[in-house]
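Enquirer: So here's coords.cif (mmCIF, C-alpha atoms (C1' of nucleotides)).
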```cif
data_my_file
#
loop_
_atom_site.label_atom_id
_atom_site.label_comp_id
_atom_site.auth_asym_id
_atom_site.auth_seq_id
_atom_site.Cartn_x
_atom_site.Cartn_y
_atom_site.Cartn_z
CA MET A 1 44.82 -30.06 12.94
CA ALA A 2 41.94 -32.39 13.69
CA ARG A 3 40.32 -33.26 10.38
CA PRO A 4 36.69 -34.37 10.13
CA LYS A 5 36.10 -38.00 9.43
CA GLN A 6 35.74 -39.11 5.86
CA THR A 7 33.41 -41.98 6.48
CA THR A 8 29.89 -41.69 5.10
CA SER A 9 27.83 -41.26 8.24
CA PRO A 10 24.09 -41.94 8.16
CA ASN A 11 23.72 -39.18 10.72
CA ARG A 12 25.34 -36.69 8.42
CA ARG A 13 23.05 -37.79 5.62
CA GLN A 14 20.03 -37.25 7.83
CA GLN A 15 21.21 -33.78 8.71
CA ILE A 16 21.62 -32.92 5.05
CA LEU A 17 18.12 -34.20 4.34
CA GLU A 18 16.61 -32.07 7.08
CA GLN A 19 18.43 -28.94 5.99
CA ALA A 20 17.39 -29.61 2.41
CA ALA A 21 13.73 -29.88 3.40
CA GLY A 22 13.99 -26.52 5.15
CA LEU A 23 15.58 -24.83 2.14
CA PHE A 24 13.17 -26.43 -0.33
CA LYS A 25 10.25 -25.27 1.77
CA THR A 26 11.50 -21.70 2.01
CA ASN A 27 12.86 -21.18 -1.49
CA GLY A 28 11.36 -23.96 -3.56
CA PHE A 29 13.23 -26.88 -5.07
CA ASN A 30 14.56 -25.14 -8.16
CA ALA A 31 15.55 -21.98 -6.36
CA THR A 32 17.56 -23.92 -3.79
CA THR A 33 21.20 -24.42 -4.78
CA MET A 34 23.57 -27.09 -3.64
CA ARG A 35 25.90 -24.31 -2.52
CA GLN A 36 23.25 -22.98 -0.13
CA LEU A 37 22.72 -26.45 1.21
CA ALA A 38 26.46 -26.91 1.59
CA GLU A 39 26.78 -23.71 3.54
CA GLN A 40 24.01 -24.71 5.94
CA THR A 41 25.59 -28.08 6.58
CA GLY A 42 29.07 -26.61 6.95
CA MET A 43 30.82 -28.16 3.99
CA GLU A 44 31.61 -27.50 0.33
CA ALA A 45 29.05 -28.22 -2.36
CA ALA A 46 31.19 -30.95 -3.87
CA SER A 47 31.36 -32.72 -0.53
CA LEU A 48 27.62 -33.21 -0.42
CA TYR A 49 27.97 -35.78 -3.16
CA ASN A 50 29.79 -38.03 -0.76
CA HIS A 51 26.47 -38.49 1.01
CA ILE A 52 23.93 -38.18 -1.76
CA SER A 53 23.94 -38.85 -5.47
CA SER A 54 21.93 -35.89 -6.73
CA LYS A 55 19.78 -32.95 -5.70
CA GLU A 56 16.71 -34.75 -6.97
CA GLU A 57 17.44 -37.69 -4.70
CA LEU A 58 16.86 -35.40 -1.72
CA LEU A 59 13.45 -34.39 -3.05
CA ARG A 60 12.63 -38.01 -3.80
CA GLU A 61 13.33 -39.16 -0.25
CA ILE A 62 11.22 -36.36 1.18
CA CYS A 63 8.23 -37.04 -1.08
CA PHE A 64 8.18 -40.80 -0.68
CA SER A 65 8.77 -40.70 3.04
CA VAL A 66 5.67 -38.54 3.42
CA ALA A 67 3.65 -40.68 1.01
CA ASN A 68 4.61 -43.82 2.93
CA ASP A 69 3.38 -42.39 6.20
CA PHE A 70 0.02 -41.44 4.74
CA ASN A 71 -0.38 -44.83 3.10
CA ALA A 72 0.52 -46.69 6.26
CA HIS A 73 -2.00 -44.73 8.30
CA LEU A 74 -4.79 -45.27 5.80
CA LEU A 75 -4.06 -48.97 5.57
CA GLN A 76 -4.37 -49.28 9.32
CA LEU A 77 -7.57 -47.24 9.34
CA GLU A 78 -9.21 -49.32 6.64
CA ALA A 79 -8.83 -52.40 8.82
CA ASP A 80 -10.77 -50.57 11.51
CA ASP A 81 -14.54 -51.06 11.69
CA SER A 82 -15.56 -47.61 12.82
CA CYS A 83 -18.12 -45.66 10.80
CA ALA A 84 -17.35 -43.42 7.87
CA SER A 85 -17.64 -40.27 9.96
CA ARG A 86 -15.08 -41.42 12.49
CA LYS A 87 -12.78 -42.56 9.71
CA MET A 88 -12.92 -39.22 7.98
CA GLU A 89 -12.30 -37.46 11.24
CA ALA A 90 -9.29 -39.66 11.91
CA ILE A 91 -7.93 -38.91 8.45
CA ILE A 92 -8.38 -35.18 8.88
CA ARG A 93 -6.66 -35.31 12.23
CA PHE A 94 -3.81 -37.39 10.89
CA HIS A 95 -3.20 -34.91 8.08
CA ILE A 96 -3.13 -32.10 10.60
CA HIS A 97 -0.78 -34.12 12.79
CA MET A 98 1.58 -34.70 9.86
CA LEU A 99 1.56 -31.03 8.97
CA LEU A 100 2.35 -30.08 12.55
CA THR A 101 5.09 -32.61 13.19
CA ARG A 102 6.73 -32.77 9.76
CA TYR A 103 5.93 -29.36 8.39
CA ASN A 104 8.85 -28.96 5.98
CA ASP A 105 8.54 -32.44 4.52
CA VAL A 106 4.80 -32.27 3.95
CA TYR A 107 4.97 -28.75 2.53
CA VAL A 108 7.70 -29.67 0.07
CA SER A 109 6.00 -32.91 -0.89
CA ASN A 110 2.78 -31.04 -1.60
CA ARG A 111 4.35 -28.34 -3.75
CA ASP A 112 7.53 -29.69 -5.34
CA TRP A 113 6.67 -33.25 -6.40
CA LYS A 114 6.53 -31.97 -9.96
CA HIS A 115 10.31 -31.90 -10.03
CA LEU A 116 10.65 -35.61 -9.40
CA LYS A 117 12.20 -37.45 -12.31
CA GLU A 118 10.80 -40.50 -14.00
CA PRO A 119 10.04 -43.17 -13.07
CA TRP A 120 9.45 -41.70 -9.62
CA LEU A 121 7.17 -38.97 -10.81
CA THR A 122 4.73 -41.48 -12.27
CA ASN A 123 5.02 -43.69 -9.23
CA PHE A 124 4.31 -40.77 -6.91
CA LEU A 125 1.27 -39.67 -8.90
CA ASN A 126 -0.09 -43.20 -8.98
CA GLN A 127 0.26 -43.50 -5.24
CA ARG A 128 -1.55 -40.23 -4.74
CA LYS A 129 -4.36 -41.20 -7.06
CA GLN A 130 -4.70 -44.52 -5.24
CA TYR A 131 -4.83 -42.70 -1.93
CA GLU A 132 -7.57 -40.39 -3.18
CA ASN A 133 -9.57 -43.30 -4.52
CA ARG A 134 -9.46 -45.07 -1.20
CA LEU A 135 -10.66 -41.94 0.58
CA ALA A 136 -13.44 -41.61 -1.98
CA ALA A 137 -14.48 -45.18 -1.21
CA ILE A 138 -14.85 -44.32 2.46
CA ILE A 139 -16.98 -41.31 1.60
CA GLN A 140 -19.07 -43.36 -0.80
CA HIS A 141 -19.65 -45.83 2.01
CA GLY A 142 -20.73 -42.95 4.23
CA ILE A 143 -23.21 -41.84 1.60
CA ASP A 144 -24.55 -45.38 1.13
CA THR A 145 -25.12 -45.78 4.86
CA GLY A 146 -26.88 -42.43 5.09
CA LYS A 147 -24.16 -40.79 7.15
CA PHE A 148 -23.07 -38.29 4.52
CA LYS A 149 -24.82 -36.00 2.12
CA ALA A 150 -24.97 -37.13 -1.48
CA VAL A 151 -22.06 -35.04 -2.70
CA HIS A 152 -19.74 -36.36 -5.35
CA PRO A 153 -17.18 -38.40 -3.38
CA HIS A 154 -14.18 -37.15 -5.34
CA VAL A 155 -15.23 -33.56 -4.82
CA ALA A 156 -15.46 -34.25 -1.11
CA VAL A 157 -12.03 -35.88 -1.02
CA LEU A 158 -10.26 -33.07 -2.79
CA THR A 159 -12.08 -30.47 -0.72
CA MET A 160 -10.93 -32.16 2.48
CA LEU A 161 -7.37 -32.60 1.34
CA SER A 162 -7.23 -28.98 0.28
CA ALA A 163 -8.91 -27.65 3.39
CA VAL A 164 -6.49 -29.51 5.60
CA ARG A 165 -3.63 -27.78 3.84
CA SER A 166 -4.76 -24.51 5.34
CA ILE A 167 -2.66 -25.59 8.29
CA GLU A 168 0.33 -24.77 6.13
CA TYR A 169 -0.59 -21.12 6.45
CA TRP A 170 -0.96 -21.33 10.20
CA GLN A 171 2.43 -22.72 10.92
CA ARG A 172 4.13 -19.53 9.78
CA SER A 173 1.93 -17.11 11.71
CA LYS A 174 2.43 -18.03 15.33
CA LYS A 175 -0.91 -16.74 16.49
CA ALA A 176 -2.07 -17.58 19.95
CA ILE A 177 -4.40 -20.31 18.79
CA SER A 178 -3.63 -23.78 20.01
CA SER A 179 -3.18 -26.43 17.35
CA LYS A 180 -5.85 -28.42 19.15
CA GLN A 181 -8.42 -25.70 18.62
CA ILE A 182 -7.46 -25.35 14.97
CA ALA A 183 -7.88 -29.08 14.49
CA ASP A 184 -11.23 -29.12 16.28
CA ASP A 185 -12.51 -26.17 14.26
CA LEU A 186 -11.40 -27.80 11.03
CA VAL A 187 -13.05 -31.13 11.81
CA MET A 188 -16.24 -29.37 12.82
CA MET A 189 -16.37 -27.16 9.75
CA LEU A 190 -15.75 -30.00 7.36
CA LEU A 191 -18.16 -32.46 8.95
CA LYS A 192 -20.86 -30.15 10.37
CA GLY A 193 -20.42 -27.03 8.24
CA LEU A 194 -19.85 -23.43 9.17
CA GLU A 195 -23.50 -22.53 9.53
CA GLN A 196 -25.21 -22.87 12.88
CA MET B 1 10.72 -11.20 -47.95
CA ALA B 2 7.91 -9.79 -45.85
CA ARG B 3 9.35 -8.90 -42.49
CA PRO B 4 7.19 -8.75 -39.37
CA LYS B 5 6.45 -5.33 -38.01
CA GLN B 6 8.79 -3.85 -35.47
CA THR B 7 6.24 -1.80 -33.59
CA THR B 8 5.50 -2.82 -30.03
CA SER B 9 1.96 -4.12 -30.28
CA PRO B 10 -0.18 -4.39 -27.15
CA ASN B 11 -1.75 -7.46 -28.71
CA ARG B 12 1.60 -9.17 -28.98
CA ARG B 13 2.31 -8.32 -25.36
CA GLN B 14 -0.97 -9.86 -24.31
CA GLN B 15 -0.17 -13.02 -26.22
CA ILE B 16 3.19 -13.28 -24.50
CA LEU B 17 1.54 -12.82 -21.13
CA GLU B 18 -0.95 -15.59 -21.80
CA GLN B 19 1.69 -18.01 -23.03
CA ALA B 20 3.81 -17.17 -20.01
CA ALA B 21 0.95 -17.95 -17.63
CA GLY B 22 0.53 -21.34 -19.30
CA LEU B 23 4.21 -22.17 -19.01
CA PHE B 24 4.48 -20.92 -15.44
CA LYS B 25 1.48 -23.03 -14.49
CA THR B 26 2.88 -26.18 -16.09
CA ASN B 27 6.54 -25.90 -15.18
CA GLY B 28 6.67 -23.35 -12.42
CA PHE B 29 8.19 -19.87 -12.63
CA ASN B 30 11.82 -20.81 -12.10
CA ALA B 31 11.70 -23.84 -14.37
CA THR B 32 10.26 -21.80 -17.23
CA THR B 33 12.92 -20.30 -19.49
CA MET B 34 12.65 -17.27 -21.71
CA ARG B 35 13.71 -19.50 -24.58
CA GLN B 36 10.69 -21.76 -24.05
CA LEU B 37 8.46 -18.73 -23.96
CA ALA B 38 10.09 -17.38 -27.11
CA GLU B 39 9.50 -20.66 -28.92
CA GLN B 40 5.82 -20.67 -27.99
CA THR B 41 5.34 -17.14 -29.20
CA GLY B 42 7.31 -17.72 -32.38
CA MET B 43 10.25 -15.43 -31.84
CA GLU B 44 13.76 -15.39 -30.42
CA ALA B 45 14.35 -15.00 -26.70
CA ALA B 46 16.06 -11.65 -27.17
CA SER B 47 13.03 -10.32 -29.05
CA LEU B 48 10.77 -10.82 -26.06
CA TYR B 49 12.51 -7.90 -24.40
CA ASN B 50 11.03 -5.59 -26.97
CA HIS B 51 7.69 -6.22 -25.31
CA ILE B 52 8.58 -6.77 -21.68
CA SER B 53 11.40 -5.66 -19.43
CA SER B 54 12.03 -8.85 -17.47
CA LYS B 55 10.76 -12.32 -16.72
CA GLU B 56 9.66 -11.22 -13.30
CA GLU B 57 7.51 -8.49 -14.84
CA LEU B 58 5.38 -11.21 -16.41
CA LEU B 59 4.83 -12.85 -13.04
CA ARG B 60 4.09 -9.49 -11.48
CA GLU B 61 1.35 -8.67 -13.97
CA ILE B 62 -0.26 -12.07 -13.48
CA CYS B 63 -0.26 -11.87 -9.69
CA PHE B 64 -1.53 -8.32 -9.39
CA SER B 65 -4.16 -8.75 -12.06
CA VAL B 66 -5.63 -11.64 -10.08
CA ALA B 67 -5.34 -9.78 -6.79
CA ASN B 68 -7.13 -6.77 -8.28
CA ASP B 69 -10.05 -8.87 -9.40
CA PHE B 70 -10.49 -10.44 -5.99
CA ASN B 71 -10.25 -7.08 -4.26
CA ALA B 72 -12.74 -5.48 -6.62
CA HIS B 73 -15.27 -8.24 -6.04
CA LEU B 74 -14.93 -8.09 -2.28
CA LEU B 75 -15.28 -4.32 -2.26
CA GLN B 76 -18.50 -4.61 -4.20
CA LEU B 77 -19.78 -7.36 -1.91
CA GLU B 78 -19.03 -5.42 1.27
CA ALA B 79 -21.34 -2.65 0.06
CA ASP B 80 -24.10 -5.23 -0.21
CA ASP B 81 -26.45 -5.72 2.74
CA SER B 82 -27.04 -9.46 2.45
CA CYS B 83 -26.37 -11.69 5.45
CA ALA B 84 -23.01 -13.27 6.28
CA SER B 85 -24.07 -16.64 4.87
CA ARG B 86 -24.97 -15.21 1.47
CA LYS B 87 -21.76 -13.19 1.44
CA MET B 88 -19.63 -16.22 2.15
CA GLU B 89 -21.46 -18.18 -0.51
CA ALA B 90 -20.88 -15.38 -3.01
CA ILE B 91 -17.19 -15.31 -2.13
CA ILE B 92 -16.84 -19.06 -2.52
CA ARG B 93 -18.62 -18.95 -5.86
CA PHE B 94 -16.50 -16.07 -7.07
CA HIS B 95 -13.30 -17.93 -6.22
CA ILE B 96 -14.59 -20.94 -8.13
CA HIS B 97 -15.55 -18.68 -11.03
CA MET B 98 -12.06 -17.16 -11.12
CA LEU B 99 -10.45 -20.59 -11.04
CA LEU B 100 -12.63 -21.76 -13.90
CA THR B 101 -12.26 -18.73 -16.14
CA ARG B 102 -8.67 -17.73 -15.40
CA TYR B 103 -7.18 -21.03 -14.39
CA ASN B 104 -3.55 -20.36 -15.37
CA ASP B 105 -3.41 -16.91 -13.82
CA VAL B 106 -4.97 -17.95 -10.52
CA TYR B 107 -2.88 -21.09 -10.28
CA VAL B 108 0.37 -19.21 -10.88
CA SER B 109 -0.60 -16.42 -8.55
CA ASN B 110 -1.34 -18.93 -5.80
CA ARG B 111 1.90 -20.84 -6.15
CA ASP B 112 4.60 -18.55 -7.56
CA TRP B 113 4.07 -15.23 -5.81
CA LYS B 114 7.16 -16.03 -3.75
CA HIS B 115 9.30 -15.16 -6.74
CA LEU B 116 8.07 -11.59 -6.91
CA LYS B 117 10.79 -9.07 -6.18
CA GLU B 118 10.61 -6.26 -3.69
CA PRO B 119 8.78 -4.01 -3.30
CA TRP B 120 6.08 -6.00 -5.06
CA LEU B 121 6.45 -9.05 -2.86
CA THR B 122 5.67 -7.06 0.27
CA ASN B 123 2.85 -5.24 -1.48
CA PHE B 124 1.33 -8.51 -2.65
CA LEU B 125 1.51 -10.08 0.81
CA ASN B 126 -0.03 -7.01 2.39
CA GLN B 127 -2.92 -7.11 -0.05
CA ARG B 128 -3.48 -10.77 0.69
CA LYS B 129 -3.43 -10.24 4.43
CA GLN B 130 -5.89 -7.36 4.05
CA TYR B 131 -8.15 -9.58 1.98
CA GLU B 132 -8.08 -12.32 4.59
CA ASN B 133 -8.81 -9.85 7.36
CA ARG B 134 -11.86 -8.55 5.53
CA LEU B 135 -13.15 -12.09 5.04
CA ALA B 136 -12.56 -12.77 8.72
CA ALA B 137 -14.62 -9.71 9.57
CA ILE B 138 -17.54 -11.09 7.58
CA ILE B 139 -17.28 -14.39 9.41
CA GLN B 140 -17.02 -12.63 12.76
CA HIS B 141 -20.20 -10.78 11.88
CA GLY B 142 -21.86 -14.11 11.04
CA ILE B 143 -20.84 -15.44 14.45
CA ASP B 144 -22.08 -12.33 16.24
CA THR B 145 -25.46 -12.57 14.55
CA GLY B 146 -25.77 -16.25 15.39
CA LYS B 147 -25.52 -17.41 11.79
CA PHE B 148 -22.19 -19.19 12.15
CA LYS B 149 -20.68 -21.53 14.66
CA ALA B 150 -18.17 -20.02 17.06
CA VAL B 151 -15.06 -21.14 15.20
CA HIS B 152 -12.01 -18.94 15.09
CA PRO B 153 -12.68 -16.60 12.14
CA HIS B 154 -9.17 -16.80 10.73
CA VAL B 155 -9.27 -20.58 10.80
CA ALA B 156 -12.53 -20.45 8.88
CA VAL B 157 -11.13 -18.04 6.30
CA LEU B 158 -8.03 -20.06 5.57
CA THR B 159 -10.04 -23.27 5.48
CA MET B 160 -12.39 -21.79 2.89
CA LEU B 161 -9.63 -20.32 0.77
CA SER B 162 -7.81 -23.64 0.83
CA ALA B 163 -10.88 -25.73 0.17
CA VAL B 164 -11.79 -23.63 -2.84
CA ARG B 165 -8.38 -24.33 -4.30
CA SER B 166 -9.38 -27.96 -4.70
CA ILE B 167 -10.86 -26.79 -7.98
CA GLU B 168 -7.29 -26.56 -9.20
CA TYR B 169 -7.17 -30.33 -9.12
CA TRP B 170 -10.42 -30.70 -11.01
CA GLN B 171 -9.50 -28.60 -13.98
CA ARG B 172 -6.86 -31.07 -15.09
CA SER B 173 -8.99 -34.21 -14.76
CA LYS B 174 -11.82 -33.69 -17.19
CA LYS B 175 -14.27 -35.89 -15.36
CA ALA B 176 -17.88 -35.81 -16.35
CA ILE B 177 -18.91 -33.62 -13.46
CA SER B 178 -20.29 -30.24 -14.34
CA SER B 179 -18.58 -27.28 -12.79
CA LYS B 180 -21.97 -26.24 -11.47
CA GLN B 181 -22.28 -29.43 -9.44
CA ILE B 182 -18.77 -29.06 -8.11
CA ALA B 183 -19.53 -25.52 -7.02
CA ASP B 184 -22.81 -26.55 -5.39
CA ASP B 185 -21.16 -29.44 -3.56
CA LEU B 186 -18.39 -27.19 -2.34
CA VAL B 187 -20.73 -24.51 -1.05
CA MET B 188 -22.87 -27.12 0.68
CA MET B 189 -19.92 -28.88 2.30
CA LEU B 190 -18.38 -25.69 3.59
CA LEU B 191 -21.60 -24.14 4.89
CA LYS B 192 -23.63 -27.20 5.90
CA GLY B 193 -20.91 -29.81 6.41
CA LEU B 194 -20.44 -33.24 4.95
CA GLU B 195 -22.51 -35.07 7.52
CA GLN B 196 -26.22 -35.60 6.98
"C1'" DC C 1 35.81 -33.74 2.88
"C1'" DC C 2 38.40 -30.19 -0.22
"C1'" DT C 3 40.43 -27.75 -4.48
"C1'" DA C 4 39.86 -27.05 -9.00
"C1'" DC C 5 37.14 -27.14 -12.63
"C1'" DC C 6 33.68 -28.16 -16.51
"C1'" DG C 7 29.84 -28.17 -19.75
"C1'" DA C 8 25.36 -26.41 -19.91
"C1'" DT C 9 22.19 -23.05 -19.41
"C1'" DC C 10 20.24 -19.05 -17.76
"C1'" DG C 11 18.32 -13.92 -18.04
"C1'" DG C 12 19.49 -10.25 -20.36
"C1'" DT C 13 22.20 -6.64 -23.55
"C1'" DA C 14 24.41 -4.45 -27.75
"C1'" DG C 15 23.75 -3.18 -32.03
"C1'" DG C 16 21.56 -3.26 -35.95
"C1'" DC D 1 12.48 -8.68 -34.48
"C1'" DC D 2 17.25 -11.03 -35.18
"C1'" DT D 3 22.36 -12.33 -34.62
"C1'" DA D 4 25.84 -12.57 -31.62
"C1'" DC D 5 27.25 -12.68 -27.33
"C1'" DC D 6 28.18 -12.08 -22.12
"C1'" DG D 7 28.66 -12.60 -17.14
"C1'" DA D 8 26.80 -15.40 -13.70
"C1'" DT D 9 25.51 -19.49 -11.87
"C1'" DC D 10 24.14 -24.03 -11.79
"C1'" DG D 11 24.57 -29.37 -10.78
"C1'" DG D 12 27.95 -32.31 -10.83
"C1'" DT D 13 32.90 -34.70 -11.58
"C1'" DA D 14 38.01 -35.72 -11.19
"C1'" DG D 15 41.38 -36.52 -8.30
"C1'" DG D 16 43.34 -36.46 -4.26
#
```
Any chance you could give the structure as structure tokens?

Expert:
Amino acid sequence: MARPKQTTSPNRRQQILEQAAGLFKTNGFNATTMRQLAEQTGMEAASLYNHISSKEELLREICFSVANDFNAHLLQLEADDSCASRKMEAIIRFHIHMLLTRYNDVYVSNRDWKHLKEPWLTNFLNQRKQYENRLAAIIQHGIDTGKFKAVHPHVAVLTMLSAVRSIEYWQRSKKAISSKQIADDLVMMLLKGLEQ
Amino acid sequence: MARPKQTTSPNRRQQILEQAAGLFKTNGFNATTMRQLAEQTGMEAASLYNHISSKEELLREICFSVANDFNAHLLQLEADDSCASRKMEAIIRFHIHMLLTRYNDVYVSNRDWKHLKEPWLTNFLNQRKQYENRLAAIIQHGIDTGKFKAVHPHVAVLTMLSAVRSIEYWQRSKKAISSKQIADDLVMMLLKGLEQ
DNA sequence: CCTACCGATCGGTAGG
DNA sequence: CCTACCGATCGGTAGG
């Protein structure tokens, strides 16, 4: 009767986190139950609490892990001295890259952050607002240097961030379009427009 | 002791529907309880069932009401003989108009349709796919007539539909930007691109 | 990691 | 439209 180990393994915790992201993505945070998560990870619901302290903690780790990656990338890009156009392109491509490589996490972070508890909810929203402001600054710089049209920078930021999320809808339909072509089309549309 | 009427008033039903849309938008479908809805409409939870048959029915009416409006507009536009550019502009502007005039309904329909029950879930998804295909056909026509760049039409459709949803983020922050300028900026960015 | 269990809350019904 | 209530289910805990 070989019994599983009782030690709290970081591996096991990681597995739980990944399964949770998948369930949250498919069913939403509220509609996902700890019993579903337990079943997927092959243990009883009560046993999950040996690895985590609450359901919300799972959501929290997903959201802040994603936020950290975006912040780190932007910080690195800001140090760069390329022009506003190249910076915006790099940002668009990084968002697409994140969506493609960490689909569940990004999807959940985008939709379910509302269920974070305080003080994390406020912290998360502040980080997002900061991120948007820094993107707006890049666009403003592009306008000042004559690279971009004189649109309102915040409108441009939110349009880009929203447009990039269209990738979320591609992931599910496995059409025969390479992710590279999708990314190229997106960058072109956003920077050059749809019209010829 | 004047007692409220017991007749099932269509007005009362409409009020419930509107309050429900507001709660669904703010808290999400699952996180909204019938007791919250009852409190907002000034009655007991049990009394709501004199006007509606289930919580999901409320969601259903919201989602299909929005879908009907979009379908009706597209049908009307397809009969028009304007060029692909003008059609796409009209579609973008109509989406913005819907977001501005029926914010709660559109927001909920966009995010919570997953909680529809069968057979309505399948019906809703089929309608949406149809809608996207018809938009893609317009874009394909624009490409064929040399109006549009040779992007993949479905990529363009999903990009537009996503980009237009950025309005969702504007509604909440009452910045001093007129909705007309936001709409103009959005149309320009999507058709002409951000770059000068 | 499991068994046993709990308090809270949910959508909805019965009956008036 | 209300009072009273129910079966189901939830996140989480106690104790081993």

Enquirer: Give me the residues of chain D that have any atom at most 10 Å from an atom of chain B; for each, the nearest atom pair and the distance in Å, rounded to one decimal. Use only C-alpha atoms (C1' of nucleotides), sort by chain and number, and format it as a tab-separated table.

Expert:
```
residue	atom	partner	partner_atom	distance
D:DC1	C1'	B:Ser47	CA	5.7
D:DC2	C1'	B:Glu44	CA	7.3
D:DT3	C1'	B:Ala46	CA	9.8
```

Enquirer: Using C-alpha atoms (C1' of nucleotides), can you export the residues from the last selection as a PDB file, in the frame of the given file?

Expert:
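The resulting file, selection_24.pdb, is shown below:
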```
ATOM      1  C1'  DC D   1      12.480  -8.680 -34.480  1.00  0.00           C
ATOM      2  C1'  DC D   2      17.250 -11.030 -35.180  1.00  0.00           C
ATOM      3  C1'  DT D   3      22.360 -12.330 -34.620  1.00  0.00           C
TER       4       DT D   3
END
```

Enquirer: Output as a PyMOL selection string the set of chain A residues within 10 Å of chain B, with distances taken over only C-alpha atoms.

Expert: chain A and resi 26-31+84-85+111-112+114-115+139+142-143+146-170+177+181-196

Enquirer: Name every residue that the PyMOL selection byres ((chain C and resi 14) around 10) selects in this structure, writing the answer as a list of chain:residue names with chains first and numbers rising.

Expert: C:DT13, C:DG15, C:DG16, D:DA4, D:DC5

Enquirer: Find, counting all atoms listed in the file, the residue in B:Gln130, B:Leu17, B:Lys55, B:Thr32 that gets nearest to DG11 of chain C.

Expert: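 Closest to DG11 of chain C, using all atoms listed in the file: B:Lys55.
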
Enquirer: Rounded to one decimal, what separation in Å do you get between atom CA of His73 of chain A and atom CA of Glu132 of chain A?

Expert: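 Going from atom CA of His73 of chain A over to atom CA of Glu132 of chain A, I get 13.5 Å.
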
Enquirer: Using the file's own x, y and z axes, so that the box edges lie along x, y and z, what centre and edge lengths in Å (one decimal) does a box around every listed atom of segment 60-72 of chain A get when 5 Å is added on each side? Give it as lines of an AutoDock Vina configuration file.

Expert:
```
center_x = 6.5
center_y = -41.5
center_z = 1.2
size_x = 23.7
size_y = 20.3
size_z = 20.1
```

Enquirer: Quick one: which residues end up in the PyMOL selection byres ((chain B and resi 131) around 10) for this structure, as JSON, numbers by chain?

Expert: {"B": [67, 70, 71, 74, 75, 125, 126, 127, 128, 129, 130, 132, 133, 134, 135, 136, 137, 157]}

Enquirer: What does the distance from atom CA of Pro119 of chain A to atom CA of Gly22 of chain A come to in Å, to one decimal?

Expert: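 These two atoms are separated by 25.0 Å.
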
Enquirer: Please report the interatomic distance between atom CA of Phe24 of chain A and atom CA of Pro10 of chain A in Å with one decimal.

Expert: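 These atoms are spaced 20.8 Å apart.
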
Enquirer: Taking the file as shown, find all residues satisfying the PyMOL selection byres ((chain B and resi 64) around 10) and write them as a PyMOL selection string.

Expert: chain B and resi 59-63+65-70+105+109+113+120+123-124+127
